[in-house]
Amino acid sequence: MHVIAPFSSAATPCLRRSGHSACKPVPVGLPRTHLATARCTQHAAPSAAAPDAPGAAAATGLGAVDRRTLLLGLLAAGQLLPAWQLPALADTPEITTVFVAGSTGNTGRRVVQQLRAAGYKVRAGVRDVRKAQSLGFAFDAGISIVEADVTKDLKSLEAAIGDAQAVICATGFSGVNPLKVASVDEKGTINLVNAAKARGVSTFVLLSSLLTNAAAVGQKDNPNYKILNLLGGVLDHKLAAERYLRASGLRYTIVRPGGLRSEPASEVGQLIVSKEDSLFGLDSDPGRAISRDTVAEVLVAALQQPAAANMVLEIVSSPSAPQLPKEKWFNV
């Protein structure tokens, strides 16, 4: 369960033969994970990696100079990317495949869509394979549907994660029995963290909620906290899962959104980001709700931005907020 209520309110020439004019242009402005696939399709040597996988390596024919070194050289000269993207190339882990837990949920399915739009391969963790098929996952060769239940045994989760280098956890309790909240929002997330570590995953992005730490920062009487926590202490269980992830040794990003809305961002408002324990769903906050589309976009961006490493980000939106450049989303 995630918080829904009461929050409302120029082409680059071929790197091998500069005189070859028919080469596929190298797109400008892509994140690090896409750069390794930007190559001349005629001259690049065959690669074992999938052509649509971000970070897939390809031989350049330049002897001892590998593709990463070459790109860094070009970047240093400012030929491919603006300056703000240079640290991302050096500091973010190489990620080509992402496991998404809760991928058929209202937010999880949007995460899958955003990942595919960004060129990542996806291992879509689902409890109901038929539901995933009904969402069209089976028609995309870049999506592998895998059975995954975070409340089950660790080995099955490890198998579901497979060869993914990153995990995005978009699970949340959706039933009515408050006694089962902990099995998903605390124990389930902890199980997934343990499975990710066992598989050697580099990055773990967790979708949590505003107000998880409210009681510790003088907000225990906040009506939003009280109402939301009535369901089996869901915010307390989410906080326990956050703490476990933070102590795990994994590169993590915890995203705490306000009230989740299914309308597109154009109807809900522009993204507002804030530091940990600074938004409480109050009228005095700059915003209280946020589109699930925007949340999914932030979760995916956390894989690409160095500033997202080992941080907690709180997000809401407002129609009156100015548009925030993606490179500033995690600079809070």
# chains A, B, ... in the order shown; residues from 1 in each chain; ligands from 1
$ residues_around --residues "Glu267 in chain A" --least-positions-apart "6" --cutoff "10 Å" --atoms "only C-alpha atoms" --output "VMD selection string"
chain A and resid 261 290 to 291 318 to 319
$ residues_around --residues "range 297-300 of chain A" --least-positions-apart "2" --cutoff "8 Å" --atoms "only C-alpha atoms" --output "VMD selection string"
chain A and resid 111 114 to 115 168 205 to 207 255 293 to 295 302 to 304 329
$ atom_distance --atom1 "CA of Gly259 in chain A" --atom2 "CA of Asn222 in chain A"
15.2 Å
$ select_by_dssp --residues "range 130-243 of chain A" --states "helix (DSSP H, G or I)" --output "PDB file with C-alpha atoms, in the first residue's frame"
ATOM      1  CA  ARG A 130      -1.966 -13.631 -16.488  1.00  0.00           C
ATOM      2  CA  LYS A 131      -2.352 -10.085 -15.190  1.00  0.00           C
ATOM      3  CA  ALA A 132       1.087  -9.203 -16.552  1.00  0.00           C
ATOM      4  CA  GLN A 133       0.135 -10.673 -19.903  1.00  0.00           C
ATOM      5  CA  SER A 134      -3.066  -8.637 -19.930  1.00  0.00           C
ATOM      6  CA  PHE A 137       4.237  -7.333 -21.067  1.00  0.00           C
ATOM      7  CA  ALA A 138       4.396 -10.570 -23.071  1.00  0.00           C
ATOM      8  CA  PHE A 139       4.469  -8.649 -26.362  1.00  0.00           C
ATOM      9  CA  LEU A 154      14.452 -16.223  -0.473  1.00  0.00           C
ATOM     10  CA  LYS A 155      15.611 -18.640  -3.184  1.00  0.00           C
ATOM     11  CA  SER A 156      12.566 -17.959  -5.346  1.00  0.00           C
ATOM     12  CA  LEU A 157      13.245 -14.225  -5.133  1.00  0.00           C
ATOM     13  CA  GLU A 158      16.887 -14.738  -6.050  1.00  0.00           C
ATOM     14  CA  ALA A 159      15.805 -16.702  -9.114  1.00  0.00           C
ATOM     15  CA  ALA A 160      13.341 -13.975 -10.063  1.00  0.00           C
ATOM     16  CA  ILE A 161      16.002 -11.262  -9.836  1.00  0.00           C
ATOM     17  CA  PRO A 178      -4.149  -5.343   8.869  1.00  0.00           C
ATOM     18  CA  LEU A 179      -2.356  -8.367  10.300  1.00  0.00           C
ATOM     19  CA  LYS A 180      -0.780  -9.006   6.897  1.00  0.00           C
ATOM     20  CA  VAL A 181       0.633  -5.525   6.332  1.00  0.00           C
ATOM     21  CA  ALA A 182       3.992  -6.374   7.892  1.00  0.00           C
ATOM     22  CA  SER A 183       4.444  -9.397   5.637  1.00  0.00           C
ATOM     23  CA  VAL A 184       4.611  -7.133   2.596  1.00  0.00           C
ATOM     24  CA  ASP A 185       5.745  -3.671   3.674  1.00  0.00           C
ATOM     25  CA  LYS A 187       9.310  -8.455   5.902  1.00  0.00           C
ATOM     26  CA  GLY A 188       8.661  -8.578   2.174  1.00  0.00           C
ATOM     27  CA  THR A 189      10.978  -5.663   1.452  1.00  0.00           C
ATOM     28  CA  ILE A 190      13.617  -7.115   3.767  1.00  0.00           C
ATOM     29  CA  ASN A 191      13.375 -10.421   1.895  1.00  0.00           C
ATOM     30  CA  LEU A 192      13.905  -8.584  -1.373  1.00  0.00           C
ATOM     31  CA  VAL A 193      16.920  -6.699  -0.008  1.00  0.00           C
ATOM     32  CA  ASN A 194      18.469  -9.974   1.118  1.00  0.00           C
ATOM     33  CA  ALA A 195      17.810 -11.584  -2.257  1.00  0.00           C
ATOM     34  CA  ALA A 196      19.322  -8.591  -4.044  1.00  0.00           C
ATOM     35  CA  LYS A 197      22.473  -8.837  -1.951  1.00  0.00           C
ATOM     36  CA  ALA A 198      22.712 -12.566  -2.600  1.00  0.00           C
ATOM     37  CA  ALA A 214       6.771  11.222  11.381  1.00  0.00           C
ATOM     38  CA  ALA A 215       6.711  10.084  15.007  1.00  0.00           C
ATOM     39  CA  ALA A 216      10.457  10.654  15.372  1.00  0.00           C
ATOM     40  CA  VAL A 217      10.373  14.209  14.037  1.00  0.00           C
ATOM     41  CA  PRO A 223      -3.744  13.530  11.455  1.00  0.00           C
ATOM     42  CA  ASN A 224      -2.350  12.202   8.172  1.00  0.00           C
ATOM     43  CA  TYR A 225       0.098   9.990  10.039  1.00  0.00           C
ATOM     44  CA  LYS A 226      -2.563   8.755  12.434  1.00  0.00           C
ATOM     45  CA  ILE A 227      -5.100   7.911   9.737  1.00  0.00           C
ATOM     46  CA  LEU A 228      -2.666   6.190   7.412  1.00  0.00           C
ATOM     47  CA  ASN A 229      -1.055   4.206  10.178  1.00  0.00           C
ATOM     48  CA  VAL A 234       1.818   0.443   7.663  1.00  0.00           C
ATOM     49  CA  LEU A 235       4.037   3.523   7.976  1.00  0.00           C
ATOM     50  CA  ASP A 236       5.945   1.973  10.872  1.00  0.00           C
ATOM     51  CA  HIS A 237       6.549  -1.177   8.824  1.00  0.00           C
ATOM     52  CA  LYS A 238       7.716   0.858   5.861  1.00  0.00           C
ATOM     53  CA  LEU A 239      10.131   2.716   8.132  1.00  0.00           C
ATOM     54  CA  ALA A 240      11.572  -0.562   9.424  1.00  0.00           C
ATOM     55  CA  ALA A 241      12.139  -1.667   5.821  1.00  0.00           C
ATOM     56  CA  GLU A 242      13.814   1.657   5.005  1.00  0.00           C
ATOM     57  CA  ARG A 243      16.188   1.261   7.935  1.00  0.00           C
TER      58      ARG A 243
END
$ closest_residue --among "A:Glu314, A:Asp285, A:Asp277, A:Glu147" --to "Ile254 in chain A" --atoms "only C-alpha atoms"
A:Glu314
$ select_by_dssp --residues "range 113-151 of chain A" --states "strand (DSSP E)" --output "MDAnalysis selection string"
chainID A and resid 121:126 143:147
$ write_last_selection --atoms "C-alpha atoms" --output "PDB file, in the first residue's frame"
ATOM      1  CA  LYS A 121      15.634  -4.687 -20.107  1.00  0.00           C
ATOM      2  CA  VAL A 122      13.126  -5.555 -17.400  1.00  0.00           C
ATOM      3  CA  ARG A 123      12.523  -8.602 -15.283  1.00  0.00           C
ATOM      4  CA  ALA A 124       8.934  -7.978 -14.266  1.00  0.00           C
ATOM      5  CA  GLY A 125       8.270  -9.619 -10.913  1.00  0.00           C
ATOM      6  CA  VAL A 126       4.615 -10.612 -10.632  1.00  0.00           C
ATOM      7  CA  ILE A 143      10.411  -7.727 -20.694  1.00  0.00           C
ATOM      8  CA  SER A 144      10.779 -11.085 -18.969  1.00  0.00           C
ATOM      9  CA  ILE A 145       7.777 -11.987 -16.827  1.00  0.00           C
ATOM     10  CA  VAL A 146       8.943 -13.821 -13.703  1.00  0.00           C
ATOM     11  CA  GLU A 147       6.904 -15.094 -10.792  1.00  0.00           C
TER      12      GLU A 147
END
$ atom_distance --atom1 "CA of Ala265 in chain A" --atom2 "CA of Arg109 in chain A"
15.9 Å
